[in-house]
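**Student:** Before we start, here is the structure in question, set down as structure tokens.
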Amino acid sequence: MNEYDSNRLSDLVKKVGYQRTKDLENIDCYILNTCHIREKATEKVYHDIGRLKKIYKNKKKPAVFVTGCVAQAENDEMLDREPYIDAVVGPQSYQSIPKILQRLNKRKDKLNFTNFDVVKKFDKLNQIKNTDTKISSFVTIQEGCDKFCNFCVVPYTRGPEYSRSPLEIIQEVKDLISNGVVEVTLLGQNVNAYSHKKNGSIFKLSDLIFELENIKELKRIRYTTSHPKDMTSDLIKCHKISKKLAPFIHLPIQSGSNTILKSMNRKHTREEYLNIIKNLVAVRPEIKFSSDFIVGYPGETEKDFEDTLSLINNVKFVNSFSFIYNQRPGTPAFKLNPLKKEIQHNRLIILQNLLNNIQNNYNKNQIGKNKKVLIENKMKNQEKYFGRTDSFTPVVTENIDDKDIGKIINVRIKDCNKNTLFGVKENIDKEVAA
């Protein structure tokens with residue numbers, strides 16, 4: 001979502017004469033788009049600005065904006081601590097940036113735009129064409145969260161759940177397709193909570209997927225991130241019927257222990273999660289899963305941790321993200337007594353070793369197989385091309401050229417490492433003729 005927001009910020013500032021640049025030493029405006037989900041995010045902001053100050057020590061400083069969730073969480077405190085910052089802009093106020101730039105050009109007051117006004121945000125963005133030209137692109141369809149997991153800052157930095165209208169989304173996807181995009185990933189903090197009233201009825205994520213499937217030039221559809229509580233029967237059925245919906249879901253569970261899930265206020269149990277997995281596999285046997293795991297949550301016992309390991313062994317996630325629990329100020333879990341750092345680190349090593357072994361074994365099992373790969377781009381300084389399988393695994397492919405970019409081709413997998421498959425284009429016509 002931050003990548004999507006950054007691209008849209010770039011589109012916004014074009015309207016007031018600014019262009020994106022990689023030349024850090026000759027800029028008029030510096031926008032630092034931030035995420036608050038991880039520990040030390042705030043300090044990274046100050047370190048980054050410190051590097052900028054050194055570059056502009058003896059010349060006119062650029063306008064400096066801090067945007068995103070750190071800006072939302074810290075706002076005035078950030079302006080007070082670092083005078084070099086000219087404005088803090090929350091994730092629901094990006095539409096104000098052109099106006100802020102114009103105000104800063106006239107006077108030097110500090111500006112705080114951290115209101116939750118997601119409707120105005122998308123009203124403004126809908127007027128500006130998304131200029132992303134990547135083969136695979138993001139489209140935000142939902143923002144905010146009403147789940148209030150006890151460890152999470154998102155409800156406080158992104159606000160309540162809000163779903164964009166289907167017409168807005170479909171138009172944006174069509175604009176992207178006109179730019180050459182052939183795959184879209186639908187984004188949301190709780191993307192499968194997407195719900196929009198249309199003609200007196202509720203238009204859900206499954207409805208949106210079926211609408212997008214009718215767009216001929218669109219070849220693949222993905223969505224992320226999902227909450228188990230919102231993995232409804234209609235969405236599960238969608239995985240059976242849809243031809244363009246990729247057989248891959250990122251479905252965070254955080255812990256395999258019911259005790260910890262309850263303490264986290266996750267609103268689902270281990271058994272409910274595993275039942276969702278079972279139902280999805282039943283309708284789409286080739287479907288693969290990734291997840292998120294928090295290790296060393298307050299109160300986590302050895303038994304709780306073993307429950308997480310057993311769930312991982314049960315599901316066999318092909319890719320996952322795992323982190324040691326860190327306290328986020330303002331969340332209910334902040335008041336809980338943390339586990340010892342040594343216990344947290346030891347458990348993280350065990351969990352990541354298990355996840356890596358499963359991922360390694362999965363990739364090794366792909367060697368010798370044909371995989372359908374969407375080629376996204378040529379790799380820098382190489383005669384190789386990057387793409388992904390429908391299960392989101394990265395693939396580096398040889399013996400192809402630029403005309404294959406944007407196409408789904410058959411790739412024979414020759415080798416792999418932990419994260420990536422390596423292969424060559426397979427000439428299916430030649431095989432059939434032989």
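We label chains A, B, ... in the order they appear in the structure tokens, count residues from 1 in each chain, and number ligands from 1 in the order shown.
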If we count only C-alpha atoms, what is near Gln127 (chain A) at a cut-off of 10 Å, once residues fewer than 5 positions away on the same chain are taken out, given as a list in words?

**Tutor:**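 Counting only the stated atoms, we get Leu12, Phe122 and Glu168 of chain A.
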
**Student:** Keeping only N, CA and C atoms, write those residues as a compact mmCIF listing (two decimals), in the first residue's frame.

**Tutor:**
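So the final result, stored in result.txt, reads:
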```
# COMPACT_ATOMS: atom_id res chain seq x y z
N LEU A 12 0.07 13.23 -8.05
CA LEU A 12 -0.53 14.45 -7.50
C LEU A 12 0.34 15.68 -7.71
N PHE A 122 -9.79 10.00 -1.85
CA PHE A 122 -10.06 9.26 -3.07
C PHE A 122 -10.87 10.08 -4.08
N GLU A 168 -15.13 3.47 -9.36
CA GLU A 168 -13.82 4.12 -9.24
C GLU A 168 -12.70 3.12 -9.48
```

**Student:** Return as JSON lines the residues of region 232-315 of chain A lying at most 10 Å from region 200-204 of chain A, together with the closest atom-to-atom pair for each and the distance in Å to one decimal, counting only C-alpha atoms, with rows in chain order and ascending residue number.

**Tutor:**
```
{"residue": "A:Thr232", "atom": "CA", "partner": "A:Lys204", "partner_atom": "CA", "distance": 10.0}
{"residue": "A:Asp234", "atom": "CA", "partner": "A:Lys204", "partner_atom": "CA", "distance": 8.8}
{"residue": "A:Leu235", "atom": "CA", "partner": "A:Lys204", "partner_atom": "CA", "distance": 8.5}
```

**Student:** For Asp292 (chain A), which residue out of A:His227, A:His268, A:Lys237, A:Lys124 is the nearest one, using only C-alpha atoms?

**Tutor:**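 So, comparing all the options, the nearest one is A:His227.
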
**Student:** Based on the backbone DSSP call, show me all residues of region 94-200 of chain A assigned helix (DSSP H, G or I), as a ChimeraX atom specification.

**Tutor:** /A:94-106,118-125,154-157,166-178,191-193

**Student:** Considering only C-alpha atoms, can you say which of A:Thr185, A:Gln344, A:Asn279, A:Asn75 comes closest to Lys240 (chain A)?

**Tutor:**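 The shortest atom-to-atom distance to Lys240 (chain A) comes from A:Asn279.
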